[in-house]
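> Quick one: this structure, given as structure tokens, is what I'll be asking you about.
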Amino acid sequence: MTLTLNRRTVLCAGLSLITLGALAPATKAAAGPAGLKTVTDGSFDLPGAMVAGGPRGDEIAKALADAGWPTDRATNVLNVTLLERQEGLALFDCGAGPNFMPGVGRLMEGLSAAGVDPAAITDVFFTHAHPDHLWGAVDDFDEPMFPAARYHISQIEYDNWFDPGIYSKLPEDRHAFAAGAQRVLKLLEPVLTRFTPGAEVASGIHAIATPGHTPGHVAYEAKVGSEMALIGGDFATHGLLSFQHPNWPGRFDQDAEMAVSTRLKMLDKLATDRMTLVGYHLPQGGIGRVERAGTVYRFVPSGG
């Protein structure tokens with residue numbers, strides 16, 4: 001099956017992707033341990049009906065209201081991680097590019113504000129191939145946005161999007177995700193490396209299988225100075241709900257039950273090991289720590 005990508009299908013697909021985004025303005029940059037920072041790819045607002053809809057709508061609305069979070073809107077932020085390494089500059093995910101949603105596709109602005117030349121990026125690591133993480137990898141001329149970089153993706157994630165049955169596995173309004181993933185990954189093929197989750201994909205960077213949001217979703221455990229950090233992608237997407245109600249299935253996880261299992265496992269690990277977490281959609285730049293709060297958790301941002 002083929003699908004023609006146009007602005008209408010992209011925008012419709014973009015609205016269907018939305019995770020319950022962080023309810024805080026996007027920051028220009030946020031810093032973690034030495035050498036680790038995030039830069040913004042932008043943000044966009046969603047109506048409250050998309051935040052607290054679905055079977056758990058009333059529970060979600062109450063949880064947000066009880067915690068003093070808005071229920072009439074959500075601001076979905078995109079935090080792209082930049083890691084300075086002895087081997088070069090690594091980027092984790094690439095943002096959405098200009099053709100996904102208004103308000104995003106601002107990664108080049110974010111890198112410029114951080115004083116980073118795109119040509120200095122040596123490696124790009126994808127957590128998964130949803131539009132807001134992948135589509136910014138190529139420019140308007142279908143060339144890699146980071147010309148000196150190698151791009152890295154899980155073999156399982158790659159195979160998922162090229163599965164001949166992928167369209168039957170997705171709701172119709174997310175078919176553009178598959179078409180877009182196939183297009184961008186094909187364009188990147190000459191500089192794309194595929195790996196098995198669990199591998200050390202580069203010196204000091206290990207890929208951790210975190211399936212559920214997508215079948216091949218990975219997080220990256222990285223050595224940052226004397227500390228370890230986890231670049232988590234989308235296993236936790238909301239600064240309140242993913243932590244205080246981690247057993248609630250996400251509306252946009254491809255395998256909701258598996259995503260819950262992954263989230264519980266990773267939150268326990270982060271709280272136990274006291275590792276830095278970088279979340280792609282978490283507030284105040286997405287860098288912080290996970291703490292236990294009774295039988296659940298809380299995300300404590302480092303600040304933006």
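How things are named: the first chain in the structure tokens is A, the next is B, and so on; residues count from 1 in each chain; ligands count from 1 in the order shown.
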DSSP says strand (DSSP E) for which residues of region 50-283 of chain A? Put them as a PyMOL selection string?

chain A and resi 73-85+88-92+121-125+150-154+192-195+200-202+205-209+218-224+227-233+276-279

> If you count only C-alpha atoms, which residues fall within 10 Å of Asp140 (chain A), apart from same-chain ones fewer than 4 positions away, as an mmCIF file with all heavy atoms, in the first residue's frame?


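Saved result, around_30.cif, follows:
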data_model
loop_
_atom_site.group_PDB
_atom_site.id
_atom_site.type_symbol
_atom_site.label_atom_id
_atom_site.label_comp_id
_atom_site.auth_asym_id
_atom_site.auth_seq_id
_atom_site.Cartn_x
_atom_site.Cartn_y
_atom_site.Cartn_z
ATOM 1 N N GLY A 97 10.768 18.689 11.739
ATOM 2 C CA GLY A 97 10.887 19.289 10.425
ATOM 3 C C GLY A 97 9.740 20.252 10.158
ATOM 4 O O GLY A 97 8.855 20.452 10.993
ATOM 5 N N PRO A 98 9.693 20.848 8.967
ATOM 6 C CA PRO A 98 8.731 21.908 8.687
ATOM 7 C C PRO A 98 7.348 21.438 8.251
ATOM 8 O O PRO A 98 6.449 22.262 8.106
ATOM 9 C CB PRO A 98 9.411 22.676 7.551
ATOM 10 C CG PRO A 98 10.184 21.624 6.817
ATOM 11 C CD PRO A 98 10.680 20.674 7.876
ATOM 12 N N ASN A 99 7.163 20.142 8.025
ATOM 13 C CA ASN A 99 5.920 19.675 7.395
ATOM 14 C C ASN A 99 4.995 18.887 8.302
ATOM 15 O O ASN A 99 4.102 18.197 7.831
ATOM 16 C CB ASN A 99 6.271 18.810 6.176
ATOM 17 C CG ASN A 99 7.029 19.586 5.126
ATOM 18 O OD1 ASN A 99 6.660 20.711 4.801
ATOM 19 N ND2 ASN A 99 8.108 19.006 4.619
ATOM 20 N N GLY A 136 12.593 15.666 10.955
ATOM 21 C CA GLY A 136 13.573 16.744 10.876
ATOM 22 C C GLY A 136 14.959 16.286 10.460
ATOM 23 O O GLY A 136 15.896 17.088 10.415
ATOM 24 N N PRO A 144 20.380 14.668 4.060
ATOM 25 C CA PRO A 144 20.495 14.617 5.520
ATOM 26 C C PRO A 144 20.769 16.006 6.094
ATOM 27 O O PRO A 144 21.616 16.744 5.590
ATOM 28 C CB PRO A 144 21.673 13.674 5.747
ATOM 29 C CG PRO A 144 21.703 12.794 4.535
ATOM 30 C CD PRO A 144 21.283 13.694 3.402
ATOM 31 N N MET A 145 20.038 16.359 7.139
ATOM 32 C CA MET A 145 20.187 17.671 7.744
ATOM 33 C C MET A 145 21.558 17.855 8.380
ATOM 34 O O MET A 145 22.077 18.969 8.454
ATOM 35 C CB MET A 145 19.094 17.873 8.805
ATOM 36 C CG MET A 145 19.052 19.263 9.403
ATOM 37 S SD MET A 145 18.615 20.540 8.190
ATOM 38 C CE MET A 145 16.847 20.271 8.041
#

> Find the residues around Leu187 (chain A) up to 9 Å (only C-alpha atoms counted), leave out those fewer than 6 positions away in its own chain, and share them as a PyMOL selection string.

chain A and resi 138+142-144

> Include N, CA and C atoms and write out the residues we just selected as an mmCIF file, in the first residue's frame.


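So out_37.cif came out as:
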data_model
loop_
_atom_site.group_PDB
_atom_site.id
_atom_site.type_symbol
_atom_site.label_atom_id
_atom_site.label_comp_id
_atom_site.auth_asym_id
_atom_site.auth_seq_id
_atom_site.Cartn_x
_atom_site.Cartn_y
_atom_site.Cartn_z
ATOM 1 N N VAL A 138 15.920 15.254 7.506
ATOM 2 C CA VAL A 138 16.273 15.622 6.132
ATOM 3 C C VAL A 138 15.806 17.043 5.858
ATOM 4 N N ASP A 142 15.775 16.946 0.465
ATOM 5 C CA ASP A 142 15.848 15.502 0.745
ATOM 6 C C ASP A 142 17.264 15.026 1.029
ATOM 7 N N GLU A 143 18.091 15.908 1.554
ATOM 8 C CA GLU A 143 19.446 15.565 1.974
ATOM 9 C C GLU A 143 19.491 15.484 3.498
ATOM 10 N N PRO A 144 20.380 14.668 4.060
ATOM 11 C CA PRO A 144 20.495 14.617 5.520
ATOM 12 C C PRO A 144 20.769 16.006 6.094
#

> Skip Arg73 (chain A) itself and residues of its chain fewer than 2 positions away, then list as a PyMOL selection string all residues within 8 Å of it, counting only C-alpha atoms.

chain A and resi 45-49+51+70-71+75

> Provide the CA of Leu282 (chain A) to CA of His238 (chain A) distance in Å, to one decimal place.

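Value for the CA of Leu282 (chain A)-CA of His238 (chain A) distance: 5.9 Å.
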
> Measuring atom to atom with only C-alpha atoms, identify which of A:Gln254, A:Phe126, A:Ala219, A:Ala209 is nearest to Asn160 (chain A).

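So, comparing all the options, the nearest one is A:Gln254.
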
> Distance CA of Gly288 (chain A)-CA of Val300 (chain A), one decimal place?

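Distance reported for this atom pair: 5.3 Å.
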
> Quick one: of A:Ala137, A:Ala178, A:Leu36, A:Leu89, who's nearest to Gly165 (chain A), counting only C-alpha atoms?

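Of all the options, A:Ala178 lies closest to Gly165 (chain A).
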
> What separation in Å, quoted to one decimal, exists between CA of Ile205 (chain A) and CA of Leu83 (chain A)?

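CA of Ile205 (chain A) sits 10.5 Å away from CA of Leu83 (chain A).
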
> Leaving out Ala199 (chain A) and any residue of its chain fewer than 6 positions from it, which residues lie within 8 Å of it when counting only C-alpha atoms, given as a list in words?

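Here the qualifying residues turn out to be His206, Ala207 and Ile208 of chain A.
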
> Which one of A:Thr127, A:Ser302, A:Thr122, A:Thr214 sits closest to Gly286 (chain A) if you count only C-alpha atoms?

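For Gly286 (chain A), the nearest of the given residues is A:Ser302.
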
> Determine which residues of region 107-211 of chain A DSSP labels as helix (DSSP H, G or I) from the backbone of this structure, then write them out as an mmCIF file with N, CA, C and O atoms, in the first residue's frame.


data_model
loop_
_atom_site.group_PDB
_atom_site.id
_atom_site.type_symbol
_atom_site.label_atom_id
_atom_site.label_comp_id
_atom_site.auth_asym_id
_atom_site.auth_seq_id
_atom_site.Cartn_x
_atom_site.Cartn_y
_atom_site.Cartn_z
ATOM 1 N N LEU A 107 14.364 23.163 15.187
ATOM 2 C CA LEU A 107 15.614 22.639 15.734
ATOM 3 C C LEU A 107 16.824 23.455 15.302
ATOM 4 O O LEU A 107 17.733 23.708 16.102
ATOM 5 N N MET A 108 16.866 23.892 14.041
ATOM 6 C CA MET A 108 18.019 24.660 13.581
ATOM 7 C C MET A 108 18.151 25.971 14.365
ATOM 8 O O MET A 108 19.266 26.399 14.683
ATOM 9 N N GLU A 109 17.016 26.575 14.700
ATOM 10 C CA GLU A 109 17.053 27.774 15.531
ATOM 11 C C GLU A 109 17.601 27.454 16.915
ATOM 12 O O GLU A 109 18.404 28.213 17.474
ATOM 13 N N GLY A 110 17.152 26.333 17.467
ATOM 14 C CA GLY A 110 17.609 25.935 18.788
ATOM 15 C C GLY A 110 19.099 25.652 18.813
ATOM 16 O O GLY A 110 19.806 26.059 19.749
ATOM 17 N N LEU A 111 19.594 24.961 17.789
ATOM 18 C CA LEU A 111 21.022 24.670 17.724
ATOM 19 C C LEU A 111 21.824 25.949 17.536
ATOM 20 O O LEU A 111 22.892 26.133 18.142
ATOM 21 N N SER A 112 21.322 26.861 16.703
ATOM 22 C CA SER A 112 22.014 28.122 16.490
ATOM 23 C C SER A 112 22.100 28.915 17.784
ATOM 24 O O SER A 112 23.161 29.480 18.116
ATOM 25 N N ALA A 113 20.998 28.939 18.542
ATOM 26 C CA ALA A 113 21.007 29.661 19.816
ATOM 27 C C ALA A 113 21.985 29.041 20.801
ATOM 28 O O ALA A 113 22.540 29.732 21.661
ATOM 29 N N PRO A 118 25.389 22.626 12.649
ATOM 30 C CA PRO A 118 24.878 21.305 12.251
ATOM 31 C C PRO A 118 25.958 20.397 11.671
ATOM 32 O O PRO A 118 25.897 19.177 11.828
ATOM 33 N N ALA A 119 26.962 20.970 11.023
ATOM 34 C CA ALA A 119 28.028 20.166 10.431
ATOM 35 C C ALA A 119 28.930 19.534 11.482
ATOM 36 O O ALA A 119 29.728 18.646 11.166
ATOM 37 N N ALA A 120 28.787 19.976 12.745
ATOM 38 C CA ALA A 120 29.605 19.415 13.820
ATOM 39 C C ALA A 120 28.972 18.177 14.454
ATOM 40 O O ALA A 120 29.611 17.496 15.256
ATOM 41 N N PRO A 131 6.822 10.956 13.516
ATOM 42 C CA PRO A 131 7.176 12.172 12.775
ATOM 43 C C PRO A 131 7.917 13.216 13.591
ATOM 44 O O PRO A 131 8.855 13.846 13.087
ATOM 45 N N ASP A 132 7.518 13.431 14.855
ATOM 46 C CA ASP A 132 8.123 14.504 15.630
ATOM 47 C C ASP A 132 9.536 14.172 16.105
ATOM 48 O O ASP A 132 10.225 15.024 16.668
ATOM 49 N N HIS A 133 9.998 12.946 15.851
ATOM 50 C CA HIS A 133 11.353 12.534 16.197
ATOM 51 C C HIS A 133 12.230 12.326 14.966
ATOM 52 O O HIS A 133 13.452 12.390 15.067
ATOM 53 N N LEU A 134 11.614 12.088 13.825
ATOM 54 C CA LEU A 134 12.340 11.643 12.623
ATOM 55 C C LEU A 134 12.336 12.628 11.482
ATOM 56 O O LEU A 134 13.338 12.783 10.787
ATOM 57 N N TRP A 135 11.221 13.289 11.244
ATOM 58 C CA TRP A 135 11.071 14.019 9.991
ATOM 59 C C TRP A 135 12.030 15.189 9.853
ATOM 60 O O TRP A 135 12.282 15.666 8.742
ATOM 61 N N GLY A 136 12.593 15.666 10.955
ATOM 62 C CA GLY A 136 13.573 16.744 10.876
ATOM 63 C C GLY A 136 14.959 16.286 10.460
ATOM 64 O O GLY A 136 15.896 17.088 10.415
ATOM 65 N N ALA A 137 15.111 14.996 10.120
ATOM 66 C CA ALA A 137 16.424 14.452 9.764
ATOM 67 C C ALA A 137 16.861 14.810 8.348
ATOM 68 O O ALA A 137 18.035 14.666 8.014
ATOM 69 N N GLN A 155 16.995 -1.957 14.716
ATOM 70 C CA GLN A 155 16.551 -2.826 13.619
ATOM 71 C C GLN A 155 15.079 -3.179 13.773
ATOM 72 O O GLN A 155 14.337 -3.249 12.788
ATOM 73 N N ILE A 156 14.638 -3.380 15.007
ATOM 74 C CA ILE A 156 13.221 -3.713 15.248
ATOM 75 C C ILE A 156 12.330 -2.557 14.835
ATOM 76 O O ILE A 156 11.274 -2.751 14.214
ATOM 77 N N GLU A 157 12.749 -1.326 15.154
ATOM 78 C CA GLU A 157 11.968 -0.157 14.771
ATOM 79 C C GLU A 157 11.935 -0.002 13.250
ATOM 80 O O GLU A 157 10.884 0.262 12.656
ATOM 81 N N TYR A 158 13.066 -0.178 12.623
ATOM 82 C CA TYR A 158 13.139 -0.100 11.166
ATOM 83 C C TYR A 158 12.212 -1.129 10.530
ATOM 84 O O TYR A 158 11.410 -0.800 9.630
ATOM 85 N N ASP A 159 12.292 -2.362 11.002
ATOM 86 C CA ASP A 159 11.467 -3.430 10.428
ATOM 87 C C ASP A 159 9.982 -3.162 10.639
ATOM 88 O O ASP A 159 9.158 -3.506 9.791
ATOM 89 N N ASN A 160 9.629 -2.551 11.768
ATOM 90 C CA ASN A 160 8.224 -2.253 12.031
ATOM 91 C C ASN A 160 7.637 -1.378 10.924
ATOM 92 O O ASN A 160 6.555 -1.652 10.409
ATOM 93 N N TRP A 161 8.356 -0.323 10.550
ATOM 94 C CA TRP A 161 7.794 0.617 9.585
ATOM 95 C C TRP A 161 7.825 0.092 8.160
ATOM 96 O O TRP A 161 7.036 0.537 7.316
ATOM 97 N N PHE A 162 8.689 -0.884 7.892
ATOM 98 C CA PHE A 162 8.724 -1.472 6.559
ATOM 99 C C PHE A 162 7.986 -2.809 6.488
ATOM 100 O O PHE A 162 8.033 -3.488 5.453
ATOM 101 N N ILE A 166 2.055 -3.036 7.842
ATOM 102 C CA ILE A 166 2.029 -1.939 8.798
ATOM 103 C C ILE A 166 0.738 -1.133 8.725
ATOM 104 O O ILE A 166 0.202 -0.713 9.749
ATOM 105 N N TYR A 167 0.200 -0.936 7.528
ATOM 106 C CA TYR A 167 -0.991 -0.094 7.430
ATOM 107 C C TYR A 167 -2.212 -0.743 8.086
ATOM 108 O O TYR A 167 -3.059 -0.057 8.644
ATOM 109 N N SER A 168 -2.266 -2.055 8.074
ATOM 110 C CA SER A 168 -3.390 -2.734 8.722
ATOM 111 C C SER A 168 -3.249 -2.726 10.240
ATOM 112 O O SER A 168 -4.232 -2.961 10.951
ATOM 113 N N LYS A 169 -2.065 -2.441 10.733
ATOM 114 C CA LYS A 169 -1.827 -2.427 12.178
ATOM 115 C C LYS A 169 -2.062 -1.057 12.798
ATOM 116 O O LYS A 169 -2.051 -0.924 14.020
ATOM 117 N N GLU A 172 -6.295 4.475 10.519
ATOM 118 C CA GLU A 172 -6.127 5.131 9.220
ATOM 119 C C GLU A 172 -5.496 6.510 9.359
ATOM 120 O O GLU A 172 -4.701 6.934 8.504
ATOM 121 N N ASP A 173 -5.822 7.236 10.434
ATOM 122 C CA ASP A 173 -5.281 8.588 10.553
ATOM 123 C C ASP A 173 -3.806 8.598 10.932
ATOM 124 O O ASP A 173 -3.186 9.656 11.038
ATOM 125 N N ARG A 174 -3.205 7.401 11.130
ATOM 126 C CA ARG A 174 -1.768 7.343 11.372
ATOM 127 C C ARG A 174 -1.018 6.668 10.214
ATOM 128 O O ARG A 174 0.169 6.379 10.319
ATOM 129 N N HIS A 175 -1.694 6.441 9.105
ATOM 130 C CA HIS A 175 -1.016 5.859 7.947
ATOM 131 C C HIS A 175 0.086 6.789 7.423
ATOM 132 O O HIS A 175 1.096 6.319 6.890
ATOM 133 N N ALA A 176 -0.113 8.087 7.581
ATOM 134 C CA ALA A 176 0.923 9.026 7.140
ATOM 135 C C ALA A 176 2.211 8.857 7.934
ATOM 136 O O ALA A 176 3.294 9.174 7.438
ATOM 137 N N PHE A 177 2.099 8.357 9.166
ATOM 138 C CA PHE A 177 3.309 8.100 9.953
ATOM 139 C C PHE A 177 4.180 7.067 9.248
ATOM 140 O O PHE A 177 5.397 7.210 9.166
ATOM 141 N N ALA A 178 3.520 5.994 8.778
ATOM 142 C CA ALA A 178 4.264 4.922 8.114
ATOM 143 C C ALA A 178 4.861 5.403 6.800
ATOM 144 O O ALA A 178 6.033 5.137 6.495
ATOM 145 N N ALA A 179 4.055 6.124 6.023
ATOM 146 C CA ALA A 179 4.567 6.632 4.748
ATOM 147 C C ALA A 179 5.737 7.580 4.970
ATOM 148 O O ALA A 179 6.748 7.526 4.261
ATOM 149 N N GLY A 180 5.620 8.432 5.972
ATOM 150 C CA GLY A 180 6.701 9.370 6.266
ATOM 151 C C GLY A 180 7.949 8.671 6.776
ATOM 152 O O GLY A 180 9.070 9.024 6.395
ATOM 153 N N ALA A 181 7.768 7.676 7.641
ATOM 154 C CA ALA A 181 8.924 6.935 8.169
ATOM 155 C C ALA A 181 9.662 6.226 7.039
ATOM 156 O O ALA A 181 10.905 6.260 6.956
ATOM 157 N N GLN A 182 8.911 5.581 6.149
ATOM 158 C CA GLN A 182 9.547 4.876 5.039
ATOM 159 C C GLN A 182 10.311 5.849 4.146
ATOM 160 O O GLN A 182 11.446 5.578 3.725
ATOM 161 N N ARG A 183 9.705 6.968 3.876
ATOM 162 C CA ARG A 183 10.349 7.942 2.990
ATOM 163 C C ARG A 183 11.651 8.464 3.605
ATOM 164 O O ARG A 183 12.696 8.472 2.934
ATOM 165 N N VAL A 184 11.599 8.914 4.855
ATOM 166 C CA VAL A 184 12.785 9.509 5.473
ATOM 167 C C VAL A 184 13.880 8.462 5.676
ATOM 168 O O VAL A 184 15.064 8.710 5.401
ATOM 169 N N LEU A 185 13.505 7.271 6.126
ATOM 170 C CA LEU A 185 14.520 6.240 6.362
ATOM 171 C C LEU A 185 15.174 5.789 5.057
ATOM 172 O O LEU A 185 16.376 5.496 5.027
ATOM 173 N N LYS A 186 14.418 5.757 3.974
ATOM 174 C CA LYS A 186 15.022 5.426 2.683
ATOM 175 C C LYS A 186 16.022 6.497 2.254
ATOM 176 O O LYS A 186 17.089 6.201 1.716
ATOM 177 N N LEU A 187 15.674 7.763 2.501
ATOM 178 C CA LEU A 187 16.589 8.843 2.148
ATOM 179 C C LEU A 187 17.882 8.776 2.969
ATOM 180 O O LEU A 187 18.960 9.128 2.489
ATOM 181 N N LEU A 188 17.768 8.292 4.202
ATOM 182 C CA LEU A 188 18.927 8.211 5.082
ATOM 183 C C LEU A 188 19.740 6.930 4.892
ATOM 184 O O LEU A 188 20.828 6.791 5.471
ATOM 185 N N GLU A 189 19.244 6.003 4.108
ATOM 186 C CA GLU A 189 19.839 4.667 4.017
ATOM 187 C C GLU A 189 21.359 4.677 3.824
ATOM 188 O O GLU A 189 22.069 3.896 4.464
ATOM 189 N N PRO A 190 21.925 5.547 2.988
ATOM 190 C CA PRO A 190 23.388 5.503 2.800
ATOM 191 C C PRO A 190 24.185 5.828 4.068
ATOM 192 O O PRO A 190 25.365 5.466 4.163
ATOM 193 N N VAL A 191 23.562 6.508 5.023
ATOM 194 C CA VAL A 191 24.285 6.891 6.246
ATOM 195 C C VAL A 191 23.603 6.328 7.492
ATOM 196 O O VAL A 191 23.859 6.778 8.607
#

> Between A:Arg85, A:His281, A:Arg263, A:Arg251, which has the minimum distance to Pro171 (chain A) (counting only C-alpha atoms)?

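Among the listed residues, A:Arg251 lies closest to Pro171 (chain A).
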
> Give me the residues near His213 (chain A) as a ChimeraX atom specification, where near means some atom within 7 Å (using only C-alpha atoms) and where sequence neighbours in that chain fewer than 6 positions away do not count.

/A:234-235,253-255,259

> Okay, now the selection with N, CA, C and O atoms, as a PDB file, in the first residue's frame?


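File written: again37.pdb
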ATOM      1  N   ASP A 234       9.906   8.532  24.318  1.00  0.00           N
ATOM      2  CA  ASP A 234       8.481   8.660  24.645  1.00  0.00           C
ATOM      3  C   ASP A 234       7.956   7.542  25.543  1.00  0.00           C
ATOM      4  O   ASP A 234       6.764   7.239  25.506  1.00  0.00           O
ATOM      5  N   PHE A 235       8.792   6.913  26.364  1.00  0.00           N
ATOM      6  CA  PHE A 235       8.217   5.925  27.280  1.00  0.00           C
ATOM      7  C   PHE A 235       7.452   6.629  28.402  1.00  0.00           C
ATOM      8  O   PHE A 235       6.572   6.040  29.024  1.00  0.00           O
ATOM      9  N   ASP A 253      -0.004   4.906  22.252  1.00  0.00           N
ATOM     10  CA  ASP A 253       0.992   3.839  22.255  1.00  0.00           C
ATOM     11  C   ASP A 253       0.518   2.723  21.334  1.00  0.00           C
ATOM     12  O   ASP A 253      -0.649   2.321  21.378  1.00  0.00           O
ATOM     13  N   GLN A 254       1.430   2.201  20.530  1.00  0.00           N
ATOM     14  CA  GLN A 254       1.041   1.157  19.575  1.00  0.00           C
ATOM     15  C   GLN A 254       0.632  -0.127  20.290  1.00  0.00           C
ATOM     16  O   GLN A 254      -0.289  -0.829  19.871  1.00  0.00           O
ATOM     17  N   ASP A 255       1.299  -0.432  21.404  1.00  0.00           N
ATOM     18  CA  ASP A 255       0.935  -1.569  22.250  1.00  0.00           C
ATOM     19  C   ASP A 255       0.827  -1.032  23.665  1.00  0.00           C
ATOM     20  O   ASP A 255       1.824  -0.923  24.392  1.00  0.00           O
ATOM     21  N   ALA A 259       3.543  -0.865  26.742  1.00  0.00           N
ATOM     22  CA  ALA A 259       4.043   0.454  27.106  1.00  0.00           C
ATOM     23  C   ALA A 259       3.936   0.683  28.606  1.00  0.00           C
ATOM     24  O   ALA A 259       4.841   1.264  29.222  1.00  0.00           O
TER      25      ALA A 259
END

> Which residue is closest to Pro55 (chain A)? Choose from A:Trp248, A:Phe100, A:Tyr220, A:Phe243 and count only C-alpha atoms.

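That would be A:Trp248, the residue with the smallest distance to Pro55 (chain A).
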